[in-house]
Amino acid sequence: MLKTISSLDFEGQKVLLRLDLNAPISNGQIQDDTRLQAALPTIKFLSENGAKVLILTHLGRPKGEIVESLRVDIIASALSKLLSKDVNKLDDCVDEVVKKQIDEMDFGDIVLLENTRFHPEEKLNDPEFSKELASLADIFVNDAFGVVHRSHASTLGVTEHLPSYAGFLLEKEIEVLSDILKAPQTPVCLIMGGAKIDTKIGVLEKFLDKADSFLIGGALANTFIAAKGFEVGTSLFQEDKVDVAKDFMSKCEATFIPVDFVVSEEISKDAVARNLLQNEATSNDKILDIGPKTIDVFLEKIASAKTIIWNGPMGLYEFDQFAKGTLAIAQAVADSDAISVVGGGDSIDAIKNFNIPLDAFTHVSTGGGAMLEFLEGKPLPALQALMS
Ligand code: ADP
Ligand code: MG
């Protein structure tokens with residue numbers, strides 16, 4: 001059982017709260033504050049229940065060094081606005097200065113510690129660093145679903161030194177995803193696309209006996225198209241996974257790969273898109289979206305499903321010419337009465353770009369990789385550490 005926070009007393013406690021506030025930032029502006037919004041209930045709960053709330057997050061990929069543009073000040077001020085409460089940013093996430101500042105806080109106060117990935121020890125799950133982090137607080141709360149598949153100092157190491165619990169967001173993610181694994185309403189339709197083929201193929205395997213249809217799009221589909229022996233030209237695909245795709249299709253008759261697609265010879269704003277059948281691509285073509293016939297096949301499967309799990313765009317949705325497949329699938333899943341779970345940074349970005357409201361889906365996961373690894377049934381030590 002996941003140890004949760006709702007019935008705990010936090011009065012007079014120092015709580016180290018690991019969040020995933022890794023929001024997309026460009027030109028000094030937060031582009032999308034979904035992750036911040038999702039973290040608010042736990043922050044408020046801890047603060048209102050009399051804890052000193054010490055928030056810890058990573059931001060970007062500083063590779064263990066201080067990178068000025070990846071300081072978390074901008075996150076602290078955004079949180080402060082959302083909470084209508086001061087959120088001071090401290091200049092590090094460990095050391096005596098930080099400890100002194102924490103001592104001076106009132107209970108109920110909230111601070112944001114500096115980017116934990118400025119320390120190379122974070123990703124190495126270094127025992128000394130973990131101990132130092134833990135020494136700041138009395139209790140550890142992890143509400144960072146997006147990194148729960150990572151065994152880092154701030155997700156796993158600290159749990160060895162502090163009583164550790166799951167926050168509300170993590171609790172909800174695990175509850176929804178566990179239900180889907182345990183007793184899903186059938187038929188189950190698994191829709192997979194996107195570019196990270198390696199991370200997706202394991203989930204397909206895991207669902208062999210669980211899903212009734214597998215709809216494969218995106219660059220992932222190109223590997224399957226190649227496995228069928230068709231030309232994929234200069235498309236993004238994974239040559240060393242062609243055999244895995246072949247093997248999967250031989251085991252699973254319910255695999256639906258594109259019967260037609262949208263191609264172009266180049267990727268650019270003005271790229272000319274052409275529709276081709278599955279066997280019509282030539283060596284100069286890039287397959288960049290699923291075609292209209294494929295959309296029809298996919299929509300039929302979506303319409304009859306009672307549970308839908310979707311990860312990964314159907315095409316290069318960042319360009320209008322190649323966004324139609326992703327839009328059609330997103331709209332169909334949103335319109336469906338089935339239980340629908342969507343995850344993946346780019347999939348959610350696409351949905352937002354299409355102005356489809358997120359509440360049209362049963363659950364929008366804040367984790368892409370974490371959702372896939374959980375569904376795949378991989379052991380997640382940072383999650384195990386929060387179990388009783
Ligand atoms: P998610 O973040 O939802 O898990 P991924 O990160 O796996 O999804 O993949 C998203 C990326 O895949 C997007 O940038 C999208 O443009 C790209 N993509 C999808 N289909 C194709 C394709 N056919 N060719 C090239 N890139 C593609
Ligand atoms: Mg992505």
# chains A, B, ... in the order shown; residues from 1 in each chain; ligands from 1
call {"tool": "closest_atom_pairs", "arguments": {"of": "chain A", "to": "ligand 2", "cutoff": "9 Å", "atoms": "only C-alpha atoms and all ligand atoms", "output": "Markdown table"}}
result
| residue | atom | partner | partner_atom_place_in_ligand_line | distance |
| --- | --- | --- | --- | --- |
| A:Gly194 | CA | ligand 2 | 1 (Mg) | 7.2 |
| A:Ala195 | CA | ligand 2 | 1 (Mg) | 7.5 |
| A:Lys196 | CA | ligand 2 | 1 (Mg) | 7.5 |
| A:Gly312 | CA | ligand 2 | 1 (Mg) | 7.4 |
| A:Pro313 | CA | ligand 2 | 1 (Mg) | 8.9 |
| A:Gly344 | CA | ligand 2 | 1 (Mg) | 5.8 |
| A:Gly345 | CA | ligand 2 | 1 (Mg) | 4.9 |
| A:Asp346 | CA | ligand 2 | 1 (Mg) | 4.6 |
| A:Ser347 | CA | ligand 2 | 1 (Mg) | 7.4 |
| A:Gly368 | CA | ligand 2 | 1 (Mg) | 7.3 |
| A:Gly369 | CA | ligand 2 | 1 (Mg) | 8.6 |
call {"tool": "write_last_selection", "arguments": {"atoms": "N, CA, C and O atoms", "output": "compact mmCIF listing (two decimals), in the first residue's frame"}}
result
# COMPACT_ATOMS: atom_id res chain seq x y z
N GLY A 194 4.54 8.60 -31.46
CA GLY A 194 5.70 9.33 -30.97
C GLY A 194 7.00 8.79 -31.52
O GLY A 194 7.01 7.96 -32.44
N ALA A 195 8.06 9.24 -30.90
CA ALA A 195 9.38 8.99 -31.47
C ALA A 195 10.25 8.06 -30.63
O ALA A 195 11.16 7.44 -31.14
N LYS A 196 9.97 7.99 -29.32
CA LYS A 196 10.86 7.20 -28.46
C LYS A 196 10.48 5.72 -28.51
O LYS A 196 9.82 5.20 -27.62
N GLY A 312 1.80 9.27 -27.25
CA GLY A 312 2.62 9.55 -28.43
C GLY A 312 1.83 10.05 -29.62
O GLY A 312 0.87 9.40 -30.04
N PRO A 313 2.22 11.21 -30.17
CA PRO A 313 1.54 11.78 -31.34
C PRO A 313 1.60 10.85 -32.55
O PRO A 313 2.54 10.06 -32.69
N GLY A 344 2.41 11.63 -21.74
CA GLY A 344 3.48 11.99 -22.67
C GLY A 344 3.49 13.49 -22.91
O GLY A 344 2.46 14.06 -23.27
N GLY A 345 4.64 14.10 -22.69
CA GLY A 345 4.77 15.55 -22.81
C GLY A 345 4.28 16.07 -24.15
O GLY A 345 3.53 17.05 -24.22
N ASP A 346 4.69 15.42 -25.22
CA ASP A 346 4.33 15.92 -26.55
C ASP A 346 2.86 15.65 -26.87
O ASP A 346 2.21 16.48 -27.50
N SER A 347 2.35 14.52 -26.41
CA SER A 347 0.93 14.22 -26.66
C SER A 347 0.07 15.30 -26.01
O SER A 347 -0.89 15.80 -26.62
N GLY A 368 5.32 11.04 -18.67
CA GLY A 368 5.35 10.27 -19.91
C GLY A 368 6.09 8.97 -19.65
O GLY A 368 5.50 7.88 -19.58
N GLY A 369 7.40 9.09 -19.46
CA GLY A 369 8.24 7.92 -19.19
C GLY A 369 7.78 7.16 -17.96
O GLY A 369 7.73 5.93 -17.96
call {"tool": "residues_near_ligand", "arguments": {"ligand": "ligand 1", "cutoff": "8 Å", "atoms": "only C-alpha atoms and all ligand atoms", "output": "PDB file with C-alpha atoms, in the first residue's frame"}}
result
ATOM      1  CA  GLY A 193       2.894   6.848 -31.379  1.00  0.00           C
ATOM      2  CA  GLY A 194       5.703   9.330 -30.973  1.00  0.00           C
ATOM      3  CA  ALA A 195       9.381   8.989 -31.472  1.00  0.00           C
ATOM      4  CA  LYS A 196      10.861   7.205 -28.461  1.00  0.00           C
ATOM      5  CA  ILE A 197      10.480   3.737 -29.878  1.00  0.00           C
ATOM      6  CA  LYS A 200       7.265   2.205 -26.106  1.00  0.00           C
ATOM      7  CA  GLY A 217       1.260   5.648 -35.375  1.00  0.00           C
ATOM      8  CA  GLY A 218       4.028   8.226 -35.296  1.00  0.00           C
ATOM      9  CA  ALA A 219       7.641   7.375 -36.011  1.00  0.00           C
ATOM     10  CA  LEU A 220       7.017   4.201 -34.019  1.00  0.00           C
ATOM     11  CA  ALA A 221       4.819   2.999 -36.897  1.00  0.00           C
ATOM     12  CA  ASN A 222       7.659   3.446 -39.372  1.00  0.00           C
ATOM     13  CA  SER A 235      11.743   8.340 -42.341  1.00  0.00           C
ATOM     14  CA  LEU A 236      12.668   8.302 -38.684  1.00  0.00           C
ATOM     15  CA  PHE A 237      12.585   4.643 -37.683  1.00  0.00           C
ATOM     16  CA  LYS A 286       9.765  10.754 -45.045  1.00  0.00           C
ATOM     17  CA  ILE A 287       6.608   9.325 -43.486  1.00  0.00           C
ATOM     18  CA  LEU A 288       5.354  12.112 -41.207  1.00  0.00           C
ATOM     19  CA  ASP A 289       1.710  11.363 -40.353  1.00  0.00           C
ATOM     20  CA  ILE A 290      -0.938   8.678 -40.623  1.00  0.00           C
ATOM     21  CA  ASN A 311       0.790   7.859 -25.595  1.00  0.00           C
ATOM     22  CA  GLY A 312       2.621   9.546 -28.432  1.00  0.00           C
ATOM     23  CA  PRO A 313       1.537  11.779 -31.335  1.00  0.00           C
ATOM     24  CA  MET A 314       0.526  10.125 -34.617  1.00  0.00           C
ATOM     25  CA  GLY A 315       2.819  12.364 -36.630  1.00  0.00           C
ATOM     26  CA  LEU A 316       5.021  15.422 -36.717  1.00  0.00           C
ATOM     27  CA  TYR A 317       2.187  17.441 -35.179  1.00  0.00           C
ATOM     28  CA  GLU A 318       4.383  20.525 -34.742  1.00  0.00           C
ATOM     29  CA  GLY A 343       0.320  10.610 -21.122  1.00  0.00           C
ATOM     30  CA  GLY A 344       3.481  11.990 -22.667  1.00  0.00           C
ATOM     31  CA  GLY A 345       4.766  15.553 -22.812  1.00  0.00           C
ATOM     32  CA  ASP A 346       4.333  15.919 -26.547  1.00  0.00           C
ATOM     33  CA  SER A 347       0.935  14.224 -26.658  1.00  0.00           C
ATOM     34  CA  ILE A 348      -0.372  16.673 -24.065  1.00  0.00           C
ATOM     35  CA  ASP A 349       1.286  19.584 -25.834  1.00  0.00           C
ATOM     36  CA  GLY A 368       5.351  10.266 -19.908  1.00  0.00           C
ATOM     37  CA  GLY A 369       8.244   7.917 -19.193  1.00  0.00           C
TER      38      GLY A 369
END
call {"tool": "closest_residue", "arguments": {"among": "A:Ile66, A:Leu56, A:Met1, A:Ala330", "to": "Leu383 of chain A", "atoms": "only C-alpha atoms"}}
result
A:Met1
call {"tool": "select_by_dssp", "arguments": {"residues": "segment 66-232 of chain A", "states": "strand (DSSP E or B)", "output": "VMD selection string"}}
result
chain A and resid 87 to 89 110 to 112 139 to 142 164 to 166 188 to 192 213 to 216
call {"tool": "closest_residue", "arguments": {"among": "A:Ser178, A:Glu376, A:Ile267, A:Glu160", "to": "Thr199 of chain A", "atoms": "only C-alpha atoms"}}
result
A:Glu376
call {"tool": "residues_around", "arguments": {"residues": "Ser164 of chain A", "least_positions_apart": "3", "cutoff": "10 Å", "atoms": "only C-alpha atoms", "output": "PyMOL selection string"}}
result
chain A and resi 3-5+15-17+138-142+156+158-161+167+385-388
call {"tool": "write_last_selection", "arguments": {"atoms": "N, CA, C and O atoms", "output": "tab-separated table (two decimals), in the first residue's frame"}}
result
chain	number	residue	atom	x	y	z
A	3	LYS	N	1.91	4.75	1.03
A	3	LYS	CA	1.70	5.56	2.25
A	3	LYS	C	1.36	6.99	1.82
A	3	LYS	O	2.13	7.61	1.09
A	4	THR	N	0.22	7.46	2.26
A	4	THR	CA	-0.26	8.76	1.78
A	4	THR	C	-0.33	9.77	2.92
A	4	THR	O	-0.16	9.42	4.09
A	5	ILE	N	-0.61	11.01	2.57
A	5	ILE	CA	-0.45	12.09	3.55
A	5	ILE	C	-1.74	12.56	4.21
A	5	ILE	O	-1.70	13.28	5.21
A	15	VAL	N	8.98	19.56	6.21
A	15	VAL	CA	8.69	18.57	5.18
A	15	VAL	C	9.47	18.87	3.91
A	15	VAL	O	9.35	19.97	3.34
A	16	LEU	N	10.28	17.91	3.50
A	16	LEU	CA	10.96	18.01	2.21
A	16	LEU	C	10.00	17.46	1.16
A	16	LEU	O	9.62	16.29	1.21
A	17	LEU	N	9.58	18.32	0.24
A	17	LEU	CA	8.56	17.94	-0.74
A	17	LEU	C	9.18	17.90	-2.13
A	17	LEU	O	9.52	18.95	-2.71
A	138	ASP	N	12.10	16.63	8.59
A	138	ASP	CA	11.66	15.53	9.45
A	138	ASP	C	10.92	14.46	8.65
A	138	ASP	O	10.84	13.29	9.06
A	139	ILE	N	10.31	14.90	7.55
A	139	ILE	CA	9.45	14.00	6.76
A	139	ILE	C	9.73	14.27	5.28
A	139	ILE	O	10.00	15.40	4.90
A	140	PHE	N	9.66	13.22	4.48
A	140	PHE	CA	9.80	13.38	3.03
A	140	PHE	C	8.47	13.05	2.35
A	140	PHE	O	7.85	12.03	2.65
A	141	VAL	N	8.05	13.95	1.46
A	141	VAL	CA	6.85	13.68	0.66
A	141	VAL	C	7.25	13.76	-0.81
A	141	VAL	O	7.83	14.75	-1.26
A	142	ASN	N	6.96	12.70	-1.54
A	142	ASN	CA	7.23	12.69	-2.98
A	142	ASN	C	5.92	12.88	-3.73
A	142	ASN	O	5.00	12.09	-3.59
A	156	LEU	N	14.88	8.67	-4.39
A	156	LEU	CA	15.10	7.39	-3.71
A	156	LEU	C	16.01	7.52	-2.48
A	156	LEU	O	15.65	7.09	-1.38
A	158	VAL	N	16.87	9.85	-0.36
A	158	VAL	CA	16.35	10.47	0.87
A	158	VAL	C	15.41	9.55	1.64
A	158	VAL	O	15.30	9.65	2.86
A	159	THR	N	14.75	8.65	0.94
A	159	THR	CA	13.75	7.79	1.61
A	159	THR	C	14.41	6.84	2.61
A	159	THR	O	13.73	6.27	3.46
A	160	GLU	N	15.73	6.67	2.48
A	160	GLU	CA	16.42	5.80	3.44
A	160	GLU	C	16.62	6.47	4.79
A	160	GLU	O	16.96	5.82	5.76
A	161	HIS	N	16.44	7.78	4.81
A	161	HIS	CA	16.74	8.53	6.04
A	161	HIS	C	15.53	9.19	6.68
A	161	HIS	O	15.63	9.71	7.79
A	167	GLY	N	2.52	12.19	-2.14
A	167	GLY	CA	1.60	13.33	-2.18
A	167	GLY	C	0.34	13.00	-2.98
A	167	GLY	O	0.21	11.90	-3.53
A	385	ALA	N	9.66	2.63	-2.30
A	385	ALA	CA	10.11	3.21	-1.03
A	385	ALA	C	9.00	3.95	-0.30
A	385	ALA	O	9.15	4.31	0.85
A	386	LEU	N	7.88	4.16	-0.99
A	386	LEU	CA	6.76	4.85	-0.35
A	386	LEU	C	5.65	3.89	0.04
A	386	LEU	O	4.54	4.28	0.38
A	387	MET	N	5.94	2.59	-0.06
A	387	MET	CA	4.94	1.56	0.23
A	387	MET	C	5.13	1.06	1.67
A	387	MET	O	6.25	0.97	2.16
A	388	SER	N	3.99	0.68	2.27
A	388	SER	CA	4.11	0.08	3.61
A	388	SER	C	3.99	-1.43	3.49
A	388	SER	O	3.47	-1.94	2.51
call {"tool": "residues_around", "arguments": {"residues": "segment 39-44 of chain A", "least_positions_apart": "5", "cutoff": "10 Å", "atoms": "only C-alpha atoms", "output": "PyMOL selection string"}}
result
chain A and resi 5-6+17-21+34+49+51+53-55+79+82-83+108+110+141-144+166-170
call {"tool": "select_by_dssp", "arguments": {"residues": "segment 259-343 of chain A", "states": "helix (DSSP H, G or I)", "output": "PyMOL selection string"}}
result
chain A and resi 292-304+320-322+324-335
call {"tool": "write_last_selection", "arguments": {"atoms": "N, CA and C atoms", "output": "PDB file, in the first residue's frame"}}
result
ATOM      1  N   PRO A 292      -5.580   9.368 -44.232  1.00  0.00           N
ATOM      2  CA  PRO A 292      -7.029   9.363 -43.981  1.00  0.00           C
ATOM      3  C   PRO A 292      -7.638   7.967 -43.827  1.00  0.00           C
ATOM      4  N   LYS A 293      -7.170   7.023 -44.607  1.00  0.00           N
ATOM      5  CA  LYS A 293      -7.715   5.656 -44.495  1.00  0.00           C
ATOM      6  C   LYS A 293      -7.355   5.062 -43.127  1.00  0.00           C
ATOM      7  N   THR A 294      -6.154   5.337 -42.690  1.00  0.00           N
ATOM      8  CA  THR A 294      -5.706   4.854 -41.376  1.00  0.00           C
ATOM      9  C   THR A 294      -6.535   5.519 -40.276  1.00  0.00           C
ATOM     10  N   ILE A 295      -6.781   6.805 -40.434  1.00  0.00           N
ATOM     11  CA  ILE A 295      -7.593   7.515 -39.434  1.00  0.00           C
ATOM     12  C   ILE A 295      -8.952   6.819 -39.308  1.00  0.00           C
ATOM     13  N   ASP A 296      -9.553   6.467 -40.451  1.00  0.00           N
ATOM     14  CA  ASP A 296     -10.853   5.771 -40.405  1.00  0.00           C
ATOM     15  C   ASP A 296     -10.765   4.467 -39.612  1.00  0.00           C
ATOM     16  N   VAL A 297      -9.738   3.695 -39.888  1.00  0.00           N
ATOM     17  CA  VAL A 297      -9.564   2.414 -39.180  1.00  0.00           C
ATOM     18  C   VAL A 297      -9.413   2.674 -37.673  1.00  0.00           C
ATOM     19  N   PHE A 298      -8.567   3.633 -37.334  1.00  0.00           N
ATOM     20  CA  PHE A 298      -8.290   3.924 -35.918  1.00  0.00           C
ATOM     21  C   PHE A 298      -9.561   4.438 -35.221  1.00  0.00           C
ATOM     22  N   LEU A 299     -10.318   5.306 -35.895  1.00  0.00           N
ATOM     23  CA  LEU A 299     -11.509   5.876 -35.255  1.00  0.00           C
ATOM     24  C   LEU A 299     -12.546   4.795 -34.952  1.00  0.00           C
ATOM     25  N   GLU A 300     -12.613   3.809 -35.835  1.00  0.00           N
ATOM     26  CA  GLU A 300     -13.564   2.722 -35.606  1.00  0.00           C
ATOM     27  C   GLU A 300     -13.185   1.953 -34.334  1.00  0.00           C
ATOM     28  N   LYS A 301     -11.921   1.695 -34.173  1.00  0.00           N
ATOM     29  CA  LYS A 301     -11.456   0.970 -32.972  1.00  0.00           C
ATOM     30  C   LYS A 301     -11.687   1.810 -31.719  1.00  0.00           C
ATOM     31  N   ILE A 302     -11.419   3.092 -31.822  1.00  0.00           N
ATOM     32  CA  ILE A 302     -11.600   3.989 -30.673  1.00  0.00           C
ATOM     33  C   ILE A 302     -13.080   4.038 -30.286  1.00  0.00           C
ATOM     34  N   ALA A 303     -13.943   4.067 -31.299  1.00  0.00           N
ATOM     35  CA  ALA A 303     -15.386   4.186 -31.036  1.00  0.00           C
ATOM     36  C   ALA A 303     -15.919   2.989 -30.269  1.00  0.00           C
ATOM     37  N   SER A 304     -15.350   1.814 -30.477  1.00  0.00           N
ATOM     38  CA  SER A 304     -15.898   0.629 -29.808  1.00  0.00           C
ATOM     39  C   SER A 304     -15.170   0.304 -28.493  1.00  0.00           C
ATOM     40  N   ASP A 320       1.551  21.929 -39.286  1.00  0.00           N
ATOM     41  CA  ASP A 320       0.130  21.735 -39.627  1.00  0.00           C
ATOM     42  C   ASP A 320      -0.091  20.628 -40.657  1.00  0.00           C
ATOM     43  N   GLN A 321       0.802  20.567 -41.648  1.00  0.00           N
ATOM     44  CA  GLN A 321       0.613  19.571 -42.721  1.00  0.00           C
ATOM     45  C   GLN A 321       0.615  18.143 -42.178  1.00  0.00           C
ATOM     46  N   PHE A 322       1.265  17.966 -41.013  1.00  0.00           N
ATOM     47  CA  PHE A 322       1.433  16.603 -40.491  1.00  0.00           C
ATOM     48  C   PHE A 322       0.734  16.415 -39.141  1.00  0.00           C
ATOM     49  N   LYS A 324      -2.783  16.352 -38.830  1.00  0.00           N
ATOM     50  CA  LYS A 324      -4.179  15.899 -38.962  1.00  0.00           C
ATOM     51  C   LYS A 324      -4.448  14.583 -38.258  1.00  0.00           C
ATOM     52  N   GLY A 325      -3.503  13.666 -38.352  1.00  0.00           N
ATOM     53  CA  GLY A 325      -3.688  12.359 -37.714  1.00  0.00           C
ATOM     54  C   GLY A 325      -3.806  12.497 -36.208  1.00  0.00           C
ATOM     55  N   THR A 326      -2.897  13.258 -35.626  1.00  0.00           N
ATOM     56  CA  THR A 326      -2.899  13.446 -34.171  1.00  0.00           C
ATOM     57  C   THR A 326      -4.174  14.167 -33.735  1.00  0.00           C
ATOM     58  N   LEU A 327      -4.580  15.174 -34.523  1.00  0.00           N
ATOM     59  CA  LEU A 327      -5.808  15.910 -34.196  1.00  0.00           C
ATOM     60  C   LEU A 327      -7.021  14.976 -34.222  1.00  0.00           C
ATOM     61  N   ALA A 328      -7.119  14.156 -35.272  1.00  0.00           N
ATOM     62  CA  ALA A 328      -8.280  13.261 -35.402  1.00  0.00           C
ATOM     63  C   ALA A 328      -8.338  12.279 -34.234  1.00  0.00           C
ATOM     64  N   ILE A 329      -7.189  11.736 -33.866  1.00  0.00           N
ATOM     65  CA  ILE A 329      -7.150  10.767 -32.765  1.00  0.00           C
ATOM     66  C   ILE A 329      -7.469  11.470 -31.436  1.00  0.00           C
ATOM     67  N   ALA A 330      -6.859  12.637 -31.225  1.00  0.00           N
ATOM     68  CA  ALA A 330      -7.091  13.380 -29.984  1.00  0.00           C
ATOM     69  C   ALA A 330      -8.575  13.702 -29.826  1.00  0.00           C
ATOM     70  N   GLN A 331      -9.184  14.162 -30.917  1.00  0.00           N
ATOM     71  CA  GLN A 331     -10.603  14.525 -30.873  1.00  0.00           C
ATOM     72  C   GLN A 331     -11.465  13.293 -30.595  1.00  0.00           C
ATOM     73  N   ALA A 332     -11.143  12.188 -31.258  1.00  0.00           N
ATOM     74  CA  ALA A 332     -11.939  10.966 -31.079  1.00  0.00           C
ATOM     75  C   ALA A 332     -11.827  10.442 -29.645  1.00  0.00           C
ATOM     76  N   VAL A 333     -10.631  10.481 -29.090  1.00  0.00           N
ATOM     77  CA  VAL A 333     -10.460   9.993 -27.707  1.00  0.00           C
ATOM     78  C   VAL A 333     -11.193  10.936 -26.750  1.00  0.00           C
ATOM     79  N   ALA A 334     -11.090  12.233 -27.013  1.00  0.00           N
ATOM     80  CA  ALA A 334     -11.770  13.218 -26.161  1.00  0.00           C
ATOM     81  C   ALA A 334     -13.291  13.034 -26.226  1.00  0.00           C
ATOM     82  N   ASP A 335     -13.809  12.719 -27.402  1.00  0.00           N
ATOM     83  CA  ASP A 335     -15.263  12.565 -27.580  1.00  0.00           C
ATOM     84  C   ASP A 335     -15.787  11.233 -27.047  1.00  0.00           C
TER      85      ASP A 335
END
call {"tool": "residues_around", "arguments": {"residues": "Val188 of chain A", "least_positions_apart": "3", "cutoff": "12 Å", "atoms": "only C-alpha atoms", "output": "PyMOL selection string"}}
result
chain A and resi 180-181+183-185+191+207-215+254+301-310+338-341
call {"tool": "closest_residue", "arguments": {"among": "A:Val147, A:Leu70, A:Ser84, A:Glu266", "to": "Ile30 of chain A", "atoms": "only C-alpha atoms"}}
result
A:Leu70
call {"tool": "atom_distance", "arguments": {"atom1": "atom CA of Leu90 of chain A", "atom2": "atom CA of Val111 of chain A"}}
result
7.0 Å
call {"tool": "atom_distance", "arguments": {"atom1": "atom CA of Phe374 of chain A", "atom2": "atom CA of Glu132 of chain A"}}
result
29.0 Å
call {"tool": "residues_around", "arguments": {"residues": "Ala226 of chain A", "least_positions_apart": "4", "cutoff": "12 Å", "atoms": "only C-alpha atoms", "output": "number ranges by chain"}}
result
A: 219-222, 230-246, 257-258, 278-279, 281, 287
call {"tool": "residues_around", "arguments": {"residues": "Ser130 of chain A", "least_positions_apart": "2", "cutoff": "7 Å", "atoms": "only C-alpha atoms", "output": "PyMOL selection string"}}
result
chain A and resi 125-128+132-134+153-154+157-158
call {"tool": "write_last_selection", "arguments": {"atoms": "N, CA, C and O atoms", "output": "short mmCIF file (atom, residue, chain, number, x, y, z; two decimals), in the first residue's frame"}}
result
data_model
loop_
_atom_site.label_atom_id
_atom_site.label_comp_id
_atom_site.auth_asym_id
_atom_site.auth_seq_id
_atom_site.Cartn_x
_atom_site.Cartn_y
_atom_site.Cartn_z
N ASN A 125 22.44 9.27 -7.23
CA ASN A 125 21.86 8.78 -5.98
C ASN A 125 22.94 8.61 -4.91
O ASN A 125 23.00 7.59 -4.22
N ASP A 126 23.80 9.60 -4.82
CA ASP A 126 24.94 9.55 -3.89
C ASP A 126 24.47 9.50 -2.44
O ASP A 126 23.65 10.32 -2.02
N PRO A 127 24.97 8.54 -1.66
CA PRO A 127 24.47 8.37 -0.28
C PRO A 127 24.72 9.58 0.61
O PRO A 127 23.84 9.95 1.40
N GLU A 128 25.89 10.21 0.49
CA GLU A 128 26.20 11.38 1.33
C GLU A 128 25.27 12.54 1.02
O GLU A 128 24.75 13.22 1.91
N GLU A 132 22.50 14.46 3.29
CA GLU A 132 22.47 15.92 3.47
C GLU A 132 21.09 16.49 3.17
O GLU A 132 20.58 17.34 3.91
N LEU A 133 20.51 16.04 2.07
CA LEU A 133 19.15 16.49 1.72
C LEU A 133 18.19 16.14 2.85
O LEU A 133 17.39 16.97 3.30
N ALA A 134 18.28 14.89 3.29
CA ALA A 134 17.36 14.40 4.32
C ALA A 134 17.52 15.18 5.62
O ALA A 134 16.55 15.37 6.36
N ALA A 153 18.94 10.84 -5.86
CA ALA A 153 19.04 11.16 -4.42
C ALA A 153 17.73 11.74 -3.91
O ALA A 153 17.26 11.38 -2.83
N SER A 154 17.10 12.62 -4.69
CA SER A 154 15.90 13.31 -4.21
C SER A 154 14.62 12.51 -4.43
O SER A 154 13.54 12.95 -4.06
N GLY A 157 17.18 8.14 -2.66
CA GLY A 157 18.17 8.21 -1.59
C GLY A 157 17.62 8.75 -0.27
O GLY A 157 17.84 8.16 0.79
N VAL A 158 16.87 9.85 -0.36
CA VAL A 158 16.35 10.47 0.87
C VAL A 158 15.41 9.55 1.64
O VAL A 158 15.30 9.65 2.86
#
call {"tool": "atom_distance", "arguments": {"atom1": "atom CA of Asp109 of chain A", "atom2": "atom CA of Lys89 of chain A"}}
result
11.8 Å
